[in-house]
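The structure under discussion appears below in the form of structure tokens.
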Amino acid sequence: MALGTVTDAYELRFDAGRICLDLLATTHPEERFDSVEVLCAWIAGAGLVPPGTPLAHADASWLVAFRELRGRIGQLVRGGPHPEPWPSYDIALAQVNDIALAAPPAPRAVRSEDGTLVRELDHPPECAALLGAVARDVLELLTDPVAQAGLRECEGDNCPIVYVDTSRGRRRRWCSSEVCGNRERVARHRRRAALTRA
């Protein structure tokens, strides 16, 4: 997969309502983090760094670290609002708590060429700082009763994406109305058409 050729609607989506859930969505329908370049595009797209932040120092160890954190997030989020005290859940929670201790990249405001203020970082961020920001996001999600009440898993066929439902009436059914919702509407139409022909 080359950057700039993203055509699949599932590519690097940022619509789950939380950075940690957007990270979790990078496994569906297949592994998205298949290169450091894609990971860097995700980091920028998720807003973990200001636009244009150099990430040339990222390497394969970043891929491993982000995938490991993503696995822990999956264990925690799918554990529900009142998880049973399972050793694997508690281990994942302890690991995420440890990752969250790293200070996030510190932005500063500077004047751009046209005089407006823009965000930038003093220096390229370290992997631990970026992981720490994502880990803090999942800890905030897990300890916020309102966000917890809005956690949903997509009702689309074979779609495991978890999102925060902030819709009016909390009746959102799909991770994306344009992707899974559209597939469901097309399938429903085909079923009705097949019944009419029968």
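Residues are named by chain letter and number: chains run A, B, ... in the order of the structure tokens, numbers start at 1 in each chain, and ligands are numbered from 1 in the order shown.
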
Per DSSP on the backbone, what are the strand (DSSP E or B) residues of chain A, as a PyMOL selection string? chain A and resi 107-111+117-121+151-153+162-164

I'd like the contact shell of Gly150 in chain A - 8 Å cut-off, only C-alpha atoms, skipping same-chain residues fewer than 6 positions apart - returned as a list in words. Tyr163, Val164, Asp165, Thr166 and Arg170 of chain A

Selected residues written out with N, CA and C atoms, as a short mmCIF file (atom, residue, chain, number, x, y, z; two decimals), in the first residue's frame:
```cif
data_model
loop_
_atom_site.label_atom_id
_atom_site.label_comp_id
_atom_site.auth_asym_id
_atom_site.auth_seq_id
_atom_site.Cartn_x
_atom_site.Cartn_y
_atom_site.Cartn_z
N TYR A 163 -16.65 2.43 18.46
CA TYR A 163 -16.71 3.88 18.35
C TYR A 163 -17.49 4.43 19.53
N VAL A 164 -17.40 5.75 19.71
CA VAL A 164 -18.19 6.43 20.73
C VAL A 164 -19.38 7.05 20.01
N ASP A 165 -20.57 6.65 20.43
CA ASP A 165 -21.80 7.15 19.83
C ASP A 165 -22.18 8.46 20.51
N THR A 166 -22.03 9.55 19.78
CA THR A 166 -22.41 10.86 20.29
C THR A 166 -23.61 11.41 19.52
N ARG A 170 -28.47 8.70 20.75
CA ARG A 170 -27.52 7.57 20.82
C ARG A 170 -28.05 6.35 20.05
#
```

Between CA of Asp157 in chain A and CA of Trp174 in chain A, distance in Å (one decimal): 9.9 Å

Those of range 41-114 of chain A in DSSP helix (DSSP H, G or I), formatted as a compact mmCIF listing (two decimals) with N, CA and C atoms, in the first residue's frame:
```
# COMPACT_ATOMS: atom_id res chain seq x y z
N ALA A 41 1.74 8.62 8.70
CA ALA A 41 0.53 9.27 8.17
C ALA A 41 -0.60 9.20 9.19
N TRP A 42 -0.71 8.06 9.88
CA TRP A 42 -1.74 7.92 10.92
C TRP A 42 -1.45 8.89 12.07
N ILE A 43 -0.22 8.97 12.52
CA ILE A 43 0.16 9.86 13.62
C ILE A 43 -0.23 11.30 13.28
N ALA A 44 0.07 11.73 12.07
CA ALA A 44 -0.28 13.09 11.64
C ALA A 44 -1.79 13.24 11.51
N GLY A 45 -2.44 12.26 10.89
CA GLY A 45 -3.89 12.32 10.69
C GLY A 45 -4.67 12.32 11.99
N ALA A 60 11.09 0.88 12.41
CA ALA A 60 10.26 -0.31 12.59
C ALA A 60 9.90 -0.56 14.05
N SER A 61 10.72 -0.10 14.98
CA SER A 61 10.38 -0.29 16.39
C SER A 61 9.11 0.48 16.75
N TRP A 62 8.84 1.57 16.06
CA TRP A 62 7.60 2.32 16.29
C TRP A 62 6.40 1.48 15.88
N LEU A 63 6.52 0.78 14.75
CA LEU A 63 5.41 -0.09 14.32
C LEU A 63 5.10 -1.12 15.39
N VAL A 64 6.13 -1.75 15.92
CA VAL A 64 5.95 -2.78 16.96
C VAL A 64 5.27 -2.16 18.18
N ALA A 65 5.75 -1.02 18.62
CA ALA A 65 5.22 -0.38 19.82
C ALA A 65 3.75 0.04 19.65
N PHE A 66 3.42 0.62 18.50
CA PHE A 66 2.03 1.03 18.27
C PHE A 66 1.11 -0.18 18.14
N ARG A 67 1.56 -1.24 17.50
CA ARG A 67 0.75 -2.45 17.39
C ARG A 67 0.52 -3.07 18.77
N GLU A 68 1.56 -3.08 19.62
CA GLU A 68 1.41 -3.63 20.96
C GLU A 68 0.42 -2.81 21.78
N LEU A 69 0.53 -1.49 21.71
CA LEU A 69 -0.43 -0.65 22.44
C LEU A 69 -1.83 -0.87 21.90
N ARG A 70 -1.97 -0.99 20.61
CA ARG A 70 -3.28 -1.24 20.00
C ARG A 70 -3.89 -2.53 20.54
N GLY A 71 -3.08 -3.57 20.69
CA GLY A 71 -3.57 -4.82 21.25
C GLY A 71 -4.07 -4.65 22.68
N ARG A 72 -3.34 -3.88 23.47
CA ARG A 72 -3.76 -3.63 24.86
C ARG A 72 -5.06 -2.84 24.90
N ILE A 73 -5.17 -1.87 24.01
CA ILE A 73 -6.39 -1.06 23.95
C ILE A 73 -7.58 -1.96 23.61
N GLY A 74 -7.40 -2.88 22.68
CA GLY A 74 -8.47 -3.80 22.33
C GLY A 74 -8.93 -4.63 23.53
N GLN A 75 -7.97 -5.12 24.30
CA GLN A 75 -8.31 -5.89 25.50
C GLN A 75 -9.11 -5.04 26.48
N LEU A 76 -8.72 -3.80 26.66
CA LEU A 76 -9.36 -2.94 27.65
C LEU A 76 -10.74 -2.47 27.20
N VAL A 77 -10.85 -2.03 25.96
CA VAL A 77 -12.10 -1.49 25.47
C VAL A 77 -13.17 -2.58 25.34
N PRO A 87 -6.69 -11.83 34.77
CA PRO A 87 -5.26 -11.48 34.75
C PRO A 87 -4.84 -10.76 33.47
N SER A 88 -5.33 -11.18 32.31
CA SER A 88 -4.91 -10.54 31.06
C SER A 88 -5.40 -9.09 30.99
N TYR A 89 -6.60 -8.84 31.48
CA TYR A 89 -7.12 -7.46 31.51
C TYR A 89 -6.26 -6.61 32.44
N ASP A 90 -5.99 -7.12 33.61
CA ASP A 90 -5.21 -6.36 34.59
C ASP A 90 -3.78 -6.11 34.11
N ILE A 91 -3.20 -7.07 33.40
CA ILE A 91 -1.86 -6.89 32.84
C ILE A 91 -1.88 -5.80 31.77
N ALA A 92 -2.89 -5.85 30.89
CA ALA A 92 -3.02 -4.84 29.84
C ALA A 92 -3.21 -3.46 30.46
N LEU A 93 -4.02 -3.36 31.51
CA LEU A 93 -4.26 -2.09 32.17
C LEU A 93 -2.97 -1.55 32.80
N ALA A 94 -2.22 -2.41 33.45
CA ALA A 94 -0.95 -1.99 34.06
C ALA A 94 0.02 -1.49 32.99
N GLN A 95 0.08 -2.19 31.84
CA GLN A 95 0.97 -1.77 30.77
C GLN A 95 0.57 -0.42 30.19
N VAL A 96 -0.73 -0.21 30.00
CA VAL A 96 -1.20 1.07 29.47
C VAL A 96 -0.95 2.18 30.48
N ASN A 97 -1.16 1.90 31.76
CA ASN A 97 -0.85 2.89 32.80
C ASN A 97 0.62 3.29 32.75
N ASP A 98 1.49 2.32 32.56
CA ASP A 98 2.93 2.62 32.46
C ASP A 98 3.26 3.46 31.23
N ILE A 99 2.66 3.13 30.10
CA ILE A 99 2.90 3.88 28.86
C ILE A 99 2.41 5.32 29.02
```

Can you pull out every residue within 10 Å of Pro29 in chain A, counting only C-alpha atoms, but drop anything in the same chain fewer than 6 positions away, and send it as a PDB file with N, CA and C atoms, in the first residue's frame?
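Wrote selection28.pdb, looks like this:
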```pdb
ATOM      1  N   TYR A  10     -11.827   2.200   4.062  1.00  0.00           N
ATOM      2  CA  TYR A  10     -11.356   1.869   5.397  1.00  0.00           C
ATOM      3  C   TYR A  10      -9.968   2.428   5.694  1.00  0.00           C
ATOM      4  N   GLU A  11      -9.294   2.971   4.704  1.00  0.00           N
ATOM      5  CA  GLU A  11      -7.928   3.433   4.902  1.00  0.00           C
ATOM      6  C   GLU A  11      -7.870   4.590   5.881  1.00  0.00           C
ATOM      7  N   ASN A 158     -19.317  -8.363   9.876  1.00  0.00           N
ATOM      8  CA  ASN A 158     -17.886  -8.604  10.078  1.00  0.00           C
ATOM      9  C   ASN A 158     -17.083  -7.332  10.337  1.00  0.00           C
ATOM     10  N   CYS A 159     -17.694  -6.352  10.974  1.00  0.00           N
ATOM     11  CA  CYS A 159     -16.984  -5.104  11.280  1.00  0.00           C
ATOM     12  C   CYS A 159     -16.831  -4.990  12.798  1.00  0.00           C
ATOM     13  N   PRO A 160     -15.610  -5.135  13.294  1.00  0.00           N
ATOM     14  CA  PRO A 160     -15.379  -5.082  14.733  1.00  0.00           C
ATOM     15  C   PRO A 160     -15.047  -3.690  15.275  1.00  0.00           C
ATOM     16  N   ILE A 161     -15.212  -2.653  14.456  1.00  0.00           N
ATOM     17  CA  ILE A 161     -14.798  -1.312  14.881  1.00  0.00           C
ATOM     18  C   ILE A 161     -15.654  -0.834  16.051  1.00  0.00           C
TER      19      ILE A 161
END
```

Residues at most 9 Å from range 108-125 of chain A, counting only C-alpha atoms, excluding those fewer than 3 positions away in the same chain, as a list in words? Val49, Pro50, Pro51, Gly52, Thr53, Pro54, Leu55, Ala56, His57, Pro104, Pro105, Ala128, Ala129 and Leu130 of chain A

Could you save the residues just selected, with N, CA, C and O atoms, as a PDB file, in the first residue's frame?
```
ATOM      1  N   VAL A  49       0.567  15.077  16.229  1.00  0.00           N
ATOM      2  CA  VAL A  49       1.607  16.077  15.955  1.00  0.00           C
ATOM      3  C   VAL A  49       1.007  17.138  15.034  1.00  0.00           C
ATOM      4  O   VAL A  49       0.081  16.855  14.277  1.00  0.00           O
ATOM      5  N   PRO A  50       1.527  18.349  15.085  1.00  0.00           N
ATOM      6  CA  PRO A  50       1.052  19.389  14.161  1.00  0.00           C
ATOM      7  C   PRO A  50       1.381  19.020  12.715  1.00  0.00           C
ATOM      8  O   PRO A  50       2.353  18.299  12.457  1.00  0.00           O
ATOM      9  N   PRO A  51       0.594  19.525  11.772  1.00  0.00           N
ATOM     10  CA  PRO A  51       0.883  19.255  10.358  1.00  0.00           C
ATOM     11  C   PRO A  51       2.317  19.667  10.014  1.00  0.00           C
ATOM     12  O   PRO A  51       2.813  20.695  10.475  1.00  0.00           O
ATOM     13  N   GLY A  52       2.974  18.851   9.224  1.00  0.00           N
ATOM     14  CA  GLY A  52       4.322  19.143   8.774  1.00  0.00           C
ATOM     15  C   GLY A  52       5.425  18.752   9.741  1.00  0.00           C
ATOM     16  O   GLY A  52       6.600  18.983   9.458  1.00  0.00           O
ATOM     17  N   THR A  53       5.065  18.147  10.877  1.00  0.00           N
ATOM     18  CA  THR A  53       6.085  17.733  11.839  1.00  0.00           C
ATOM     19  C   THR A  53       6.943  16.636  11.228  1.00  0.00           C
ATOM     20  O   THR A  53       6.412  15.630  10.746  1.00  0.00           O
ATOM     21  N   PRO A  54       8.249  16.779  11.233  1.00  0.00           N
ATOM     22  CA  PRO A  54       9.097  15.731  10.667  1.00  0.00           C
ATOM     23  C   PRO A  54       9.083  14.481  11.541  1.00  0.00           C
ATOM     24  O   PRO A  54       9.225  14.554  12.760  1.00  0.00           O
ATOM     25  N   LEU A  55       8.883  13.352  10.885  1.00  0.00           N
ATOM     26  CA  LEU A  55       8.893  12.058  11.567  1.00  0.00           C
ATOM     27  C   LEU A  55       9.870  11.103  10.891  1.00  0.00           C
ATOM     28  O   LEU A  55       9.723   9.889  10.968  1.00  0.00           O
ATOM     29  N   ALA A  56      10.891  11.660  10.242  1.00  0.00           N
ATOM     30  CA  ALA A  56      11.863  10.842   9.512  1.00  0.00           C
ATOM     31  C   ALA A  56      12.643   9.911  10.426  1.00  0.00           C
ATOM     32  O   ALA A  56      13.194   8.914   9.965  1.00  0.00           O
ATOM     33  N   HIS A  57      12.671  10.195  11.706  1.00  0.00           N
ATOM     34  CA  HIS A  57      13.403   9.353  12.653  1.00  0.00           C
ATOM     35  C   HIS A  57      12.613   8.114  13.083  1.00  0.00           C
ATOM     36  O   HIS A  57      13.136   7.257  13.765  1.00  0.00           O
ATOM     37  N   PRO A 104       3.612  13.820  26.940  1.00  0.00           N
ATOM     38  CA  PRO A 104       3.273  13.950  25.516  1.00  0.00           C
ATOM     39  C   PRO A 104       4.158  14.999  24.850  1.00  0.00           C
ATOM     40  O   PRO A 104       4.800  15.798  25.537  1.00  0.00           O
ATOM     41  N   PRO A 105       4.189  15.007  23.528  1.00  0.00           N
ATOM     42  CA  PRO A 105       4.943  16.051  22.838  1.00  0.00           C
ATOM     43  C   PRO A 105       4.362  17.416  23.224  1.00  0.00           C
ATOM     44  O   PRO A 105       3.150  17.582  23.245  1.00  0.00           O
ATOM     45  N   ALA A 128       7.833   7.158  22.523  1.00  0.00           N
ATOM     46  CA  ALA A 128       7.230   7.019  23.856  1.00  0.00           C
ATOM     47  C   ALA A 128       6.263   8.155  24.151  1.00  0.00           C
ATOM     48  O   ALA A 128       5.216   7.943  24.776  1.00  0.00           O
ATOM     49  N   ALA A 129       6.575   9.366  23.704  1.00  0.00           N
ATOM     50  CA  ALA A 129       5.701  10.510  23.940  1.00  0.00           C
ATOM     51  C   ALA A 129       4.381  10.351  23.187  1.00  0.00           C
ATOM     52  O   ALA A 129       3.306  10.636  23.724  1.00  0.00           O
ATOM     53  N   LEU A 130       4.451   9.874  21.948  1.00  0.00           N
ATOM     54  CA  LEU A 130       3.240   9.670  21.147  1.00  0.00           C
ATOM     55  C   LEU A 130       2.401   8.534  21.720  1.00  0.00           C
ATOM     56  O   LEU A 130       1.175   8.636  21.820  1.00  0.00           O
TER      57      LEU A 130
END
```

Compare A:Leu21, A:Val186, A:Val179, A:Leu151 by their minimum atom-to-atom distance to Asp137 in chain A, counting only C-alpha atoms, and give me the closest one.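 Going through A:Leu21, A:Val186, A:Val179, A:Leu151 one by one, the smallest distance to Asp137 in chain A is for A:Leu21.
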
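Taking only C-alpha atoms into account, Arg173 in chain A lies nearest to A:Cys154 out of the set A:Ala135, A:Ala147, A:Cys154, A:Val38.
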
Suppose you want the space between CA of Gly47 in chain A and CA of Arg183 in chain A; what is it in Å? 28.9 Å

From A:Asp22, A:Glu126, A:Glu140, A:Glu31, residue lying nearest Cys175 in chain A [only C-alpha atoms]: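 Looking only at the distances to Cys175 in chain A, the closest residue turns out to be A:Asp22.
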